[in-house]
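File shown here: start_19.tsv, holding TSV, C-alpha atoms.
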```
chain	number	residue	atom	x	y	z
L	1	MET	CA	-4.88	8.95	-21.99
L	2	GLY	CA	-3.46	11.21	-24.67
L	3	THR	CA	-5.75	14.02	-23.63
L	4	THR	CA	-4.26	14.54	-20.17
L	5	ASP	CA	-2.76	18.01	-19.78
L	6	TYR	CA	0.48	17.54	-17.83
L	7	THR	CA	1.56	21.20	-18.01
L	8	LEU	CA	1.44	21.98	-14.29
L	9	TYR	CA	1.58	18.86	-12.18
L	10	LEU	CA	1.13	19.43	-8.45
L	11	VAL	CA	2.58	16.95	-5.96
L	12	THR	CA	1.21	17.32	-2.43
L	13	ASP	CA	3.36	17.42	0.68
L	14	ARG	CA	1.70	17.65	4.07
L	15	ASN	CA	4.98	18.51	5.79
L	16	LEU	CA	5.67	21.57	3.65
L	17	MET	CA	2.27	23.05	2.92
L	18	SER	CA	1.49	26.57	4.06
L	19	CYS	CA	-2.16	25.83	4.91
L	20	ASP	CA	-3.86	23.46	7.34
L	21	THR	CA	-5.02	20.54	5.22
L	22	VAL	CA	-3.85	18.76	2.10
L	23	GLU	CA	-7.25	19.21	0.46
L	24	GLU	CA	-7.08	22.96	1.08
L	25	SER	CA	-3.61	23.14	-0.52
L	26	VAL	CA	-5.02	21.30	-3.51
L	27	ARG	CA	-8.05	23.58	-3.70
L	28	GLN	CA	-5.91	26.72	-3.72
L	29	ALA	CA	-3.54	25.22	-6.30
L	30	ALA	CA	-6.51	24.22	-8.46
L	31	GLU	CA	-7.75	27.81	-8.28
L	32	GLY	CA	-4.32	28.84	-9.56
L	33	GLY	CA	-4.47	26.51	-12.54
L	34	VAL	CA	-2.68	23.23	-11.81
L	35	THR	CA	-3.64	20.65	-14.44
L	36	VAL	CA	-2.87	17.40	-12.57
L	37	VAL	CA	-2.65	16.56	-8.86
L	38	GLN	CA	-0.59	13.76	-7.37
L	39	LEU	CA	-1.40	12.82	-3.78
L	40	ARG	CA	1.75	11.65	-2.01
L	41	GLU	CA	1.48	10.30	1.56
L	42	LYS	CA	4.61	8.54	2.68
L	43	GLN	CA	3.91	8.19	6.41
L	44	ALA	CA	0.17	7.59	6.52
L	45	THR	CA	-1.55	4.35	7.46
L	46	SER	CA	-3.65	2.85	4.69
L	47	ARG	CA	-6.80	4.13	6.38
L	48	GLU	CA	-5.43	7.68	6.64
L	49	PHE	CA	-4.23	7.59	3.01
L	50	TYR	CA	-7.63	6.35	1.85
L	51	GLU	CA	-9.52	9.00	3.82
L	52	GLN	CA	-7.17	11.74	2.60
L	53	ALA	CA	-7.62	10.54	-0.97
L	54	VAL	CA	-11.41	10.73	-0.60
L	55	ARG	CA	-11.15	14.35	0.55
L	56	VAL	CA	-8.70	15.37	-2.20
L	57	LYS	CA	-10.73	13.58	-4.86
L	58	ALA	CA	-13.76	15.70	-3.96
L	59	VAL	CA	-11.66	18.79	-4.72
L	60	THR	CA	-10.06	17.55	-7.94
L	61	ASP	CA	-13.45	16.34	-9.19
L	62	ALA	CA	-14.94	19.77	-8.50
L	63	TYR	CA	-12.20	21.35	-10.62
L	64	GLY	CA	-12.20	18.65	-13.31
L	65	ILE	CA	-8.54	17.82	-12.63
L	66	PRO	CA	-7.19	14.25	-12.79
L	67	LEU	CA	-6.02	12.84	-9.44
L	68	ILE	CA	-2.98	10.57	-9.44
L	69	ILE	CA	-2.16	8.50	-6.34
L	70	ASN	CA	1.50	8.01	-5.46
L	71	ASP	CA	2.59	4.37	-5.12
L	72	ARG	CA	-0.66	2.78	-3.93
L	73	VAL	CA	-2.65	1.08	-6.66
L	74	ASP	CA	-5.26	-0.03	-4.14
L	75	ILE	CA	-5.89	3.51	-2.88
L	76	ALA	CA	-6.27	4.66	-6.49
L	77	MET	CA	-8.87	1.94	-7.05
L	78	ALA	CA	-10.61	2.70	-3.76
L	79	VAL	CA	-11.31	6.32	-4.73
L	80	ASP	CA	-11.52	5.74	-8.51
L	81	ALA	CA	-8.58	8.08	-9.10
L	82	ALA	CA	-7.41	8.81	-12.64
L	83	GLY	CA	-4.31	6.74	-11.99
L	84	VAL	CA	-1.13	6.09	-10.04
L	85	HIS	CA	2.46	7.24	-10.07
L	86	LEU	CA	5.07	4.54	-9.51
L	87	GLY	CA	8.66	5.08	-8.41
L	88	GLN	CA	11.36	2.52	-9.01
L	89	LYS	CA	10.72	1.21	-5.47
L	90	ASP	CA	6.99	0.79	-6.06
L	91	MET	CA	5.09	-2.01	-7.76
L	92	PRO	CA	6.32	-2.83	-11.29
L	93	CYS	CA	4.40	-0.89	-13.92
L	94	SER	CA	3.51	-4.04	-15.85
L	95	ILE	CA	1.73	-5.48	-12.81
L	96	ALA	CA	-0.07	-2.21	-12.04
L	97	ARG	CA	-1.22	-2.02	-15.67
L	98	ARG	CA	-2.65	-5.53	-15.45
L	99	ILE	CA	-4.52	-4.64	-12.26
L	100	LEU	CA	-5.77	-1.23	-13.38
L	101	GLY	CA	-6.64	-2.07	-16.97
L	102	PRO	CA	-5.88	-0.07	-20.11
L	103	ASP	CA	-7.69	3.17	-19.28
L	104	LYS	CA	-6.04	4.39	-16.08
L	105	ILE	CA	-3.05	6.73	-16.09
L	106	ILE	CA	0.17	5.13	-14.87
L	107	GLY	CA	3.19	7.36	-14.44
L	108	VAL	CA	6.66	5.99	-13.83
L	109	SER	CA	9.72	7.72	-12.38
L	110	ALA	CA	12.70	7.45	-14.71
L	111	ALA	CA	16.22	8.84	-14.48
L	112	LEU	CA	17.78	6.82	-17.31
L	113	PRO	CA	16.81	6.11	-20.94
L	114	GLU	CA	16.64	2.37	-20.19
L	115	GLU	CA	14.17	2.98	-17.38
L	116	ALA	CA	12.09	5.10	-19.75
L	117	LEU	CA	12.09	2.37	-22.39
L	118	GLN	CA	11.16	-0.25	-19.79
L	119	ALA	CA	8.31	1.93	-18.55
L	120	LYS	CA	7.02	2.35	-22.09
L	121	ALA	CA	7.20	-1.41	-22.66
L	122	ASP	CA	5.39	-1.98	-19.36
L	123	GLY	CA	2.45	0.22	-20.34
L	124	ALA	CA	3.29	3.55	-18.70
L	125	SER	CA	1.19	6.57	-19.68
L	126	TYR	CA	3.81	9.21	-18.86
L	127	LEU	CA	7.23	9.59	-17.26
L	128	GLY	CA	8.31	11.65	-14.28
L	129	VAL	CA	11.93	12.48	-15.00
L	130	GLY	CA	14.27	13.85	-12.35
L	131	ALA	CA	15.61	15.09	-10.15
L	132	VAL	CA	16.40	17.87	-12.63
L	133	PHE	CA	17.43	20.16	-9.76
L	134	GLN	CA	18.44	19.41	-6.19
L	135	THR	CA	15.42	18.98	-3.97
L	136	GLY	CA	14.85	18.96	-0.25
L	137	THR	CA	11.49	17.20	-0.42
L	138	LYS	CA	12.68	13.72	-1.36
L	139	GLN	CA	15.80	11.91	-0.15
L	140	ASP	CA	16.31	9.12	-2.64
L	141	THR	CA	16.47	11.03	-5.91
L	142	ARG	CA	19.11	10.70	-8.64
L	143	PRO	CA	20.33	13.75	-10.59
L	144	VAL	CA	19.18	14.11	-14.20
L	145	THR	CA	21.21	16.51	-16.35
L	146	LYS	CA	19.87	18.37	-19.36
L	147	GLU	CA	21.81	16.00	-21.61
L	148	ARG	CA	20.30	12.97	-19.89
L	149	LEU	CA	16.83	14.48	-20.18
L	150	ALA	CA	17.39	15.00	-23.91
L	151	GLN	CA	18.42	11.34	-24.23
L	152	ILE	CA	15.27	10.21	-22.47
L	153	ARG	CA	13.14	12.56	-24.62
L	154	ALA	CA	14.72	11.07	-27.74
L	155	ALA	CA	14.28	7.51	-26.50
L	156	VAL	CA	10.52	7.44	-25.87
L	157	ASP	CA	7.42	9.20	-27.18
L	158	LEU	CA	5.58	9.23	-23.86
L	159	PRO	CA	4.64	12.53	-22.19
L	160	ILE	CA	7.46	13.67	-19.90
L	161	VAL	CA	7.04	15.69	-16.71
L	162	ILE	CA	10.23	17.03	-15.13
L	163	ILE	CA	10.48	16.88	-11.34
L	164	GLY	CA	12.90	17.77	-8.58
L	165	GLY	CA	13.55	21.28	-7.31
L	166	VAL	CA	11.53	22.85	-10.12
L	167	LYS	CA	10.44	26.42	-9.38
L	168	GLN	CA	9.30	29.58	-11.12
L	169	SER	CA	12.86	30.89	-11.43
L	170	ASN	CA	14.46	27.82	-12.99
L	171	VAL	CA	11.85	25.90	-14.97
L	172	LEU	CA	12.56	27.67	-18.25
L	173	GLU	CA	16.06	26.18	-18.30
L	174	PHE	CA	14.23	23.19	-19.78
L	175	ALA	CA	12.11	25.13	-22.27
L	176	GLY	CA	12.10	24.06	-25.91
L	177	MET	CA	13.08	20.46	-25.17
L	178	GLY	CA	9.72	18.90	-25.96
L	179	ILE	CA	8.89	18.35	-22.30
L	180	ASN	CA	5.17	18.15	-21.54
L	181	GLY	CA	5.03	19.58	-18.07
L	182	ALA	CA	6.64	20.37	-14.75
L	183	ALA	CA	5.93	18.70	-11.42
L	184	VAL	CA	6.11	21.06	-8.51
L	185	VAL	CA	5.97	20.53	-4.77
L	186	SER	CA	7.35	23.25	-2.53
L	187	ALA	CA	7.34	26.01	-5.19
L	188	ILE	CA	3.55	25.83	-4.92
L	189	VAL	CA	2.33	24.25	-1.67
L	190	ALA	CA	5.01	25.78	0.56
L	191	GLN	CA	4.36	29.33	-0.70
L	192	PRO	CA	2.37	31.77	1.46
L	193	ASP	CA	-0.09	32.31	-1.42
L	194	ILE	CA	-0.55	28.91	-3.03
L	195	LYS	CA	-3.01	30.10	-5.66
L	196	LYS	CA	-0.74	32.95	-6.75
L	197	ALA	CA	2.30	30.64	-6.90
L	198	ALA	CA	0.39	28.23	-9.14
L	199	GLU	CA	-0.84	31.06	-11.36
L	200	GLU	CA	2.67	32.40	-11.79
L	201	MET	CA	4.07	28.97	-12.62
L	202	ARG	CA	1.27	28.35	-15.09
L	203	ARG	CA	2.01	31.69	-16.79
L	204	ILE	CA	5.74	30.90	-16.99
L	205	LEU	CA	4.98	27.47	-18.46
L	206	GLN	CA	3.25	29.08	-21.43
L	207	LYS	CA	6.82	29.62	-22.74
L	208	PHE	CA	7.70	25.99	-22.12
G	209	MET	CA	-14.88	-19.10	1.37
G	210	GLY	CA	-16.52	-21.47	3.85
G	211	THR	CA	-13.98	-24.16	3.04
G	212	THR	CA	-10.91	-22.32	4.34
G	213	ASP	CA	-9.27	-24.17	7.22
G	214	TYR	CA	-8.23	-21.52	9.73
G	215	THR	CA	-6.96	-23.98	12.36
G	216	LEU	CA	-3.31	-22.94	12.35
G	217	TYR	CA	-2.81	-19.50	10.88
G	218	LEU	CA	0.80	-18.44	10.47
G	219	VAL	CA	1.72	-14.74	10.46
G	220	THR	CA	5.21	-14.01	9.14
G	221	ASP	CA	7.71	-11.75	10.87
G	222	ARG	CA	11.04	-11.09	9.24
G	223	ASN	CA	12.48	-9.56	12.42
G	224	LEU	CA	11.81	-12.61	14.57
G	225	MET	CA	12.32	-15.58	12.27
G	226	SER	CA	14.99	-18.14	13.08
G	227	CYS	CA	15.96	-18.75	9.43
G	228	ASP	CA	17.34	-16.53	6.66
G	229	THR	CA	14.34	-15.72	4.48
G	230	VAL	CA	10.61	-15.26	4.94
G	231	GLU	CA	9.86	-17.84	2.25
G	232	GLU	CA	12.04	-20.39	4.06
G	233	SER	CA	10.19	-19.74	7.33
G	234	VAL	CA	6.92	-20.30	5.47
G	235	ARG	CA	8.22	-23.49	3.83
G	236	GLN	CA	9.26	-24.99	7.16
G	237	ALA	CA	5.96	-23.97	8.78
G	238	ALA	CA	4.04	-25.47	5.85
G	239	GLU	CA	5.95	-28.72	6.34
G	240	GLY	CA	4.78	-28.61	9.95
G	241	GLY	CA	1.13	-28.22	9.00
G	242	VAL	CA	0.06	-24.56	9.06
G	243	THR	CA	-3.26	-24.18	7.23
G	244	VAL	CA	-3.14	-20.46	6.29
G	245	VAL	CA	-0.25	-18.02	5.84
G	246	GLN	CA	-0.46	-14.27	6.29
G	247	LEU	CA	2.43	-12.26	4.88
G	248	ARG	CA	3.03	-9.19	7.02
G	249	GLU	CA	5.66	-6.63	5.91
G	250	LYS	CA	5.41	-3.38	7.78
G	251	GLN	CA	8.68	-1.71	6.72
G	252	ALA	CA	9.05	-2.83	3.11
G	253	THR	CA	8.72	-0.64	0.04
G	254	SER	CA	5.92	-1.65	-2.29
G	255	ARG	CA	8.45	-3.24	-4.64
G	256	GLU	CA	10.02	-5.28	-1.82
G	257	PHE	CA	6.60	-6.33	-0.53
G	258	TYR	CA	5.53	-7.39	-4.02
G	259	GLU	CA	8.71	-9.37	-4.65
G	260	GLN	CA	8.48	-11.00	-1.22
G	261	ALA	CA	4.86	-11.91	-1.90
G	262	VAL	CA	5.83	-13.55	-5.20
G	263	ARG	CA	8.39	-15.72	-3.42
G	264	VAL	CA	6.03	-16.70	-0.58
G	265	LYS	CA	3.19	-17.40	-3.01
G	266	ALA	CA	5.37	-19.95	-4.80
G	267	VAL	CA	5.75	-21.79	-1.47
G	268	THR	CA	2.10	-21.59	-0.38
G	269	ASP	CA	0.96	-22.70	-3.84
G	270	ALA	CA	3.30	-25.69	-3.67
G	271	TYR	CA	1.70	-26.71	-0.36
G	272	GLY	CA	-1.86	-25.80	-1.37
G	273	ILE	CA	-2.17	-23.28	1.45
G	274	PRO	CA	-4.07	-19.99	1.05
G	275	LEU	CA	-1.88	-16.86	1.22
G	276	ILE	CA	-3.33	-13.77	2.89
G	277	ILE	CA	-1.61	-10.39	2.44
G	278	ASN	CA	-1.58	-8.01	5.39
G	279	ASP	CA	-3.03	-4.56	4.68
G	280	ARG	CA	-2.19	-4.19	0.98
G	281	VAL	CA	-5.08	-4.98	-1.35
G	282	ASP	CA	-2.91	-4.12	-4.37
G	283	ILE	CA	-0.16	-6.56	-3.41
G	284	ALA	CA	-2.82	-9.25	-2.95
G	285	MET	CA	-4.12	-8.55	-6.45
G	286	ALA	CA	-0.60	-8.39	-7.90
G	287	VAL	CA	0.21	-11.96	-6.80
G	288	ASP	CA	-3.35	-13.31	-6.97
G	289	ALA	CA	-3.28	-14.11	-3.27
G	290	ALA	CA	-6.27	-15.79	-1.62
G	291	GLY	CA	-7.07	-12.53	0.15
G	292	VAL	CA	-6.10	-9.76	2.54
G	293	HIS	CA	-6.14	-9.10	6.25
G	294	LEU	CA	-7.23	-5.62	7.29
G	295	GLY	CA	-6.55	-3.99	10.64
G	296	GLN	CA	-8.60	-1.10	11.94
G	297	LYS	CA	-5.92	1.26	10.48
G	298	ASP	CA	-6.09	-0.31	7.03
G	299	MET	CA	-8.54	0.27	4.19
G	300	PRO	CA	-12.21	-0.16	5.18
G	301	CYS	CA	-13.41	-3.71	4.56
G	302	SER	CA	-16.38	-2.52	2.48
G	303	ILE	CA	-14.02	-0.79	0.03
G	304	ALA	CA	-11.66	-3.75	-0.15
G	305	ARG	CA	-14.62	-6.07	-0.81
G	306	ARG	CA	-15.74	-3.86	-3.70
G	307	ILE	CA	-12.23	-3.91	-5.20
G	308	LEU	CA	-11.56	-7.62	-4.67
G	309	GLY	CA	-14.98	-8.96	-5.57
G	310	PRO	CA	-17.02	-11.61	-3.74
G	311	ASP	CA	-14.61	-14.55	-3.94
G	312	LYS	CA	-11.47	-13.33	-2.15
G	313	ILE	CA	-10.90	-13.86	1.57
G	314	ILE	CA	-11.00	-10.66	3.62
G	315	GLY	CA	-10.09	-10.88	7.26
G	316	VAL	CA	-10.67	-8.03	9.69
G	317	SER	CA	-9.08	-7.39	13.09
G	318	ALA	CA	-11.70	-6.95	15.78
G	319	ALA	CA	-11.41	-6.41	19.52
G	320	LEU	CA	-15.03	-5.45	20.21
G	321	PRO	CA	-18.42	-6.96	19.31
G	322	GLU	CA	-19.36	-3.79	17.40
G	323	GLU	CA	-16.22	-4.06	15.25
G	324	ALA	CA	-17.09	-7.68	14.55
G	325	LEU	CA	-20.64	-6.76	13.52
G	326	GLN	CA	-19.35	-3.95	11.31
G	327	ALA	CA	-16.86	-6.30	9.66
G	328	LYS	CA	-19.63	-8.81	8.97
G	329	ALA	CA	-21.81	-6.07	7.48
G	330	ASP	CA	-18.85	-4.92	5.35
G	331	GLY	CA	-18.32	-8.34	3.82
G	332	ALA	CA	-15.54	-9.81	5.95
G	333	SER	CA	-14.77	-13.52	5.53
G	334	TYR	CA	-13.28	-14.08	8.99
G	335	LEU	CA	-12.21	-12.15	12.09
G	336	GLY	CA	-8.82	-11.90	13.76
G	337	VAL	CA	-9.65	-11.31	17.42
G	338	GLY	CA	-7.04	-10.18	19.92
G	339	ALA	CA	-4.74	-9.57	21.50
G	340	VAL	CA	-5.85	-12.51	23.65
G	341	PHE	CA	-2.45	-12.54	25.39
G	342	GLN	CA	0.25	-9.91	25.70
G	343	THR	CA	2.49	-9.87	22.66
G	344	GLY	CA	5.88	-8.40	21.86
G	345	THR	CA	5.44	-8.55	18.08
G	346	LYS	CA	2.89	-5.77	17.67
G	347	GLN	CA	2.71	-2.48	19.56
G	348	ASP	CA	-0.80	-1.19	18.93
G	349	THR	CA	-2.88	-4.11	20.16
G	350	ARG	CA	-5.82	-3.96	22.54
G	351	PRO	CA	-6.42	-6.68	25.13
G	352	VAL	CA	-9.30	-9.10	24.53
G	353	THR	CA	-10.45	-11.06	27.58
G	354	LYS	CA	-12.11	-14.45	27.45
G	355	GLU	CA	-15.43	-12.80	28.27
G	356	ARG	CA	-15.00	-10.32	25.42
G	357	LEU	CA	-14.09	-13.12	23.05
G	358	ALA	CA	-17.25	-14.98	24.05
G	359	GLN	CA	-19.30	-11.83	23.34
G	360	ILE	CA	-17.75	-11.52	19.89
G	361	ARG	CA	-18.32	-15.24	19.24
G	362	ALA	CA	-21.98	-14.83	20.18
G	363	ALA	CA	-22.38	-11.68	18.08
G	364	VAL	CA	-21.28	-12.98	14.66
G	365	ASP	CA	-21.22	-16.28	12.81
G	366	LEU	CA	-17.96	-15.59	10.94
G	367	PRO	CA	-14.92	-17.80	11.48
G	368	ILE	CA	-12.79	-16.42	14.34
G	369	VAL	CA	-9.03	-16.73	14.65
G	370	ILE	CA	-7.51	-15.67	17.96
G	371	ILE	CA	-4.25	-13.72	17.84
G	372	GLY	CA	-1.77	-12.09	20.18
G	373	GLY	CA	0.81	-13.96	22.25
G	374	VAL	CA	-0.71	-17.35	21.37
G	375	LYS	CA	1.67	-20.27	21.98
G	376	GLN	CA	1.66	-23.99	22.50
G	377	SER	CA	1.44	-23.64	26.30
G	378	ASN	CA	-1.51	-21.24	26.44
G	379	VAL	CA	-3.72	-21.78	23.40
G	380	LEU	CA	-5.96	-24.36	25.08
G	381	GLU	CA	-7.18	-21.71	27.52
G	382	PHE	CA	-9.53	-20.83	24.64
G	383	ALA	CA	-10.58	-24.41	23.83
G	384	GLY	CA	-14.28	-25.24	23.61
G	385	MET	CA	-15.35	-21.67	22.79
G	386	GLY	CA	-16.22	-22.28	19.14
G	387	ILE	CA	-13.08	-20.55	17.91
G	388	ASN	CA	-11.95	-21.65	14.45
G	389	GLY	CA	-8.22	-21.24	14.71
G	390	ALA	CA	-5.18	-19.64	16.25
G	391	ALA	CA	-2.85	-17.14	14.63
G	392	VAL	CA	0.75	-17.56	15.64
G	393	VAL	CA	3.85	-15.51	14.98
G	394	SER	CA	6.83	-16.02	17.28
G	395	ALA	CA	5.66	-19.37	18.69
G	396	ILE	CA	6.39	-20.75	15.24
G	397	VAL	CA	8.77	-18.57	13.20
G	398	ALA	CA	11.03	-17.58	16.11
G	399	GLN	CA	11.57	-21.19	17.23
G	400	PRO	CA	14.83	-22.97	16.42
G	401	ASP	CA	12.88	-25.76	14.68
G	402	ILE	CA	10.02	-24.07	12.84
G	403	LYS	CA	8.56	-27.25	11.40
G	404	LYS	CA	8.51	-28.97	14.79
G	405	ALA	CA	6.94	-25.91	16.45
G	406	ALA	CA	4.16	-25.90	13.82
G	407	GLU	CA	3.61	-29.65	14.18
G	408	GLU	CA	3.32	-29.36	17.95
G	409	MET	CA	0.87	-26.46	17.69
G	410	ARG	CA	-1.18	-28.34	15.12
G	411	ARG	CA	-1.35	-31.36	17.41
G	412	ILE	CA	-2.43	-29.24	20.37
G	413	LEU	CA	-5.10	-27.56	18.26
G	414	GLN	CA	-6.79	-30.93	17.69
G	415	LYS	CA	-8.23	-30.41	21.18
G	416	PHE	CA	-9.43	-26.91	20.27
```

So, in terms of structure tokens, how does the structure I just supplied come out?
Amino acid sequence: MGTTDYTLYLVTDRNLMSCDTVEESVRQAAEGGVTVVQLREKQATSREFYEQAVRVKAVTDAYGIPLIINDRVDIAMAVDAAGVHLGQKDMPCSIARRILGPDKIIGVSAALPEEALQAKADGASYLGVGAVFQTGTKQDTRPVTKERLAQIRAAVDLPIVIIGGVKQSNVLEFAGMGINGAAVVSAIVAQPDIKKAAEEMRRILQKF
Amino acid sequence: MGTTDYTLYLVTDRNLMSCDTVEESVRQAAEGGVTVVQLREKQATSREFYEQAVRVKAVTDAYGIPLIINDRVDIAMAVDAAGVHLGQKDMPCSIARRILGPDKIIGVSAALPEEALQAKADGASYLGVGAVFQTGTKQDTRPVTKERLAQIRAAVDLPIVIIGGVKQSNVLEFAGMGINGAAVVSAIVAQPDIKKAAEEMRRILQKF
């Protein structure tokens, strides 16, 4: 999956979004230039998650953007998503890779070089590294310093997306480190003008 | 999957069990003669659910009993379980059948003849019908009367397992109705002697 553009990686959040539906937040963000969308639904029943994924997939397909499903390999298969993102509390990457086959994207959350190396060994396609800043949108994050990020970057050759409190005003603190993209939640979906927020972030990331 | 013996269908419950681990509750119940085991984990992370499923699968394999995973098609695939059980809030049966292929067991919860017919059309292998009695182990159940059960039995030719408050003292109220088995939670796993409770239920179900 070397051709995936991880530059501006949107993570959905139904509790923070400034519009009425998750699919509408994704549509506006796609208009603004996000390059990947991860659908995250932590409270939904499986049926709700599946139905939400169907609606979001229609949007990402229309914009030609890969859709990544958080945690749930079965939901990803159900909607033929581009892949899944797995946290350290989700299914092991090696098992997900066996189920999904070689062609699907599998992202893994990593906060330590050894987790990054394990993910690589287990067949991960990219790493989500963070939390690089404090974040209010996720409770169970671990802090990742610039030094730690550099260690992870040096340890593995997988694409790296930074995550955790990333916004327009702070993302360039990580410029020039060989990072492939930035994952953003509230700095896009919680903004009054989602499209404009995505456009601005995309413009800033040109200097990344 | 016409050869599956649904006679005594154990559903796990980590909050009610009288022993220390889910796999130990399953082992004791298997000693007592349960014919199917459904692993239900409503609070677990995906990683915990997966790891629990690995441990229970080792037990069910040792006893030659099919293991059914509640809700999570991906966990079922991860441990090569015999199949999944889907409630009305889980993934649609038709989608799960497409993902799992023709050979896996897919059970569907049904409380109405139309749900039973839909499940049959969607490729279900068996039906879980209930709640036939009031139950404390599940909040979102709908009551199924004897008359309703007879309607469902007449509507579809799939194996039917009754569920919901079933215990040794009441299960024979549904004898002679062409029901294929009884699903039991607390009447087995919450008993001080799990093996003995399963044996007694198995003996009673000979008159089913």

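Shell of Thr212 of chain G at 9 Å, with only C-alpha atoms counted and residues fewer than 6 places along the chain excluded, is Thr243, Val244, Pro274 and Ile313 of chain G.
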
Writing out the chosen residues with C-alpha atoms as a compact mmCIF listing (two decimals), in the frame of the given file:
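In the end it all went to selection.txt:
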```txt
# COMPACT_ATOMS: atom_id res chain seq x y z
CA THR G 243 -3.26 -24.18 7.23
CA VAL G 244 -3.14 -20.46 6.29
CA PRO G 274 -4.07 -19.99 1.05
CA ILE G 313 -10.90 -13.86 1.57
```

| message | Just want the 12 Å neighbourhood of Asp80 of chain L, counted on only C-alpha atoms, with same-chain residues fewer than 2 positions away dropped. Output as a PyMOL selection string. | response | (chain L and resi 50+53-54+56-58+60-61+66-69+73-78+82-84+100+103-105) or (chain G and resi 303+306-307)

| message | Using all atoms listed in the file, which protein or nucleic acid residues come within 9 Å of Asp330 of chain G? Drop anything in the same chain fewer than 5 positions from it, and give the result as a ChimeraX atom specification. | response | /G:300-303,305,325

Residues of the last selection are to be written out with C-alpha atoms, as a JSON list (two decimals), in the frame of the given file.
```json
[["chain", "number", "residue", "atom", "x", "y", "z"],
["G", 300, "PRO", "CA", -12.21, -0.16, 5.18],
["G", 301, "CYS", "CA", -13.41, -3.71, 4.56],
["G", 302, "SER", "CA", -16.38, -2.52, 2.48],
["G", 303, "ILE", "CA", -14.02, -0.79, 0.03],
["G", 305, "ARG", "CA", -14.62, -6.07, -0.81],
["G", 325, "LEU", "CA", -20.64, -6.76, 13.52]]
```

| Can you list, as a ChimeraX atom specification, every protein, DNA or RNA residue that comes within 7 Å of Val185 of chain L when you count only C-alpha atoms, leaving out same-chain residues fewer than 2 positions away? | /L:10-13,183,187-189

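Among the candidates G:Glu259, G:Glu239, G:Asp213, G:Asp228, the residue lying nearest to chain L is G:Glu259 (atoms considered: only C-alpha atoms).
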
| task | Choose the residue, out of L:Glu114, L:Asp193, L:Glu173, L:Asp90, that has the smallest atom-to-atom separation from chain G; count all atoms listed in the file. | result |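 The shortest atom-to-atom distance to chain G comes from L:Asp90.
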
| message | Could you check the closest approach to chain G for each of L:Ile65, L:Met91, L:Leu86, L:Ile106 and tell me which residue wins, using all atoms listed in the file? | response |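 Going through L:Ile65, L:Met91, L:Leu86, L:Ile106 one by one, the smallest distance to chain G is for L:Met91.
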
| task | Tell me, as an MDAnalysis selection string, which residues lie within 7 Å of Val374 of chain G, counting all atoms listed in the file; anything in the same chain fewer than 2 positions away does not count. | result | chainID G and resid 341 371:372 378:379 392

| Interatomic distance (Å, one decimal) between atom CA of Ser254 of chain G and atom CA of Lys42 of chain L |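 That distance, rounded to one decimal, is 11.4 Å.
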
| task | Take atom CA of Arg148 of chain L and atom CA of Gln88 of chain L and report the distance between them in Å, one decimal. | result |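 That distance, rounded to one decimal, is 17.5 Å.
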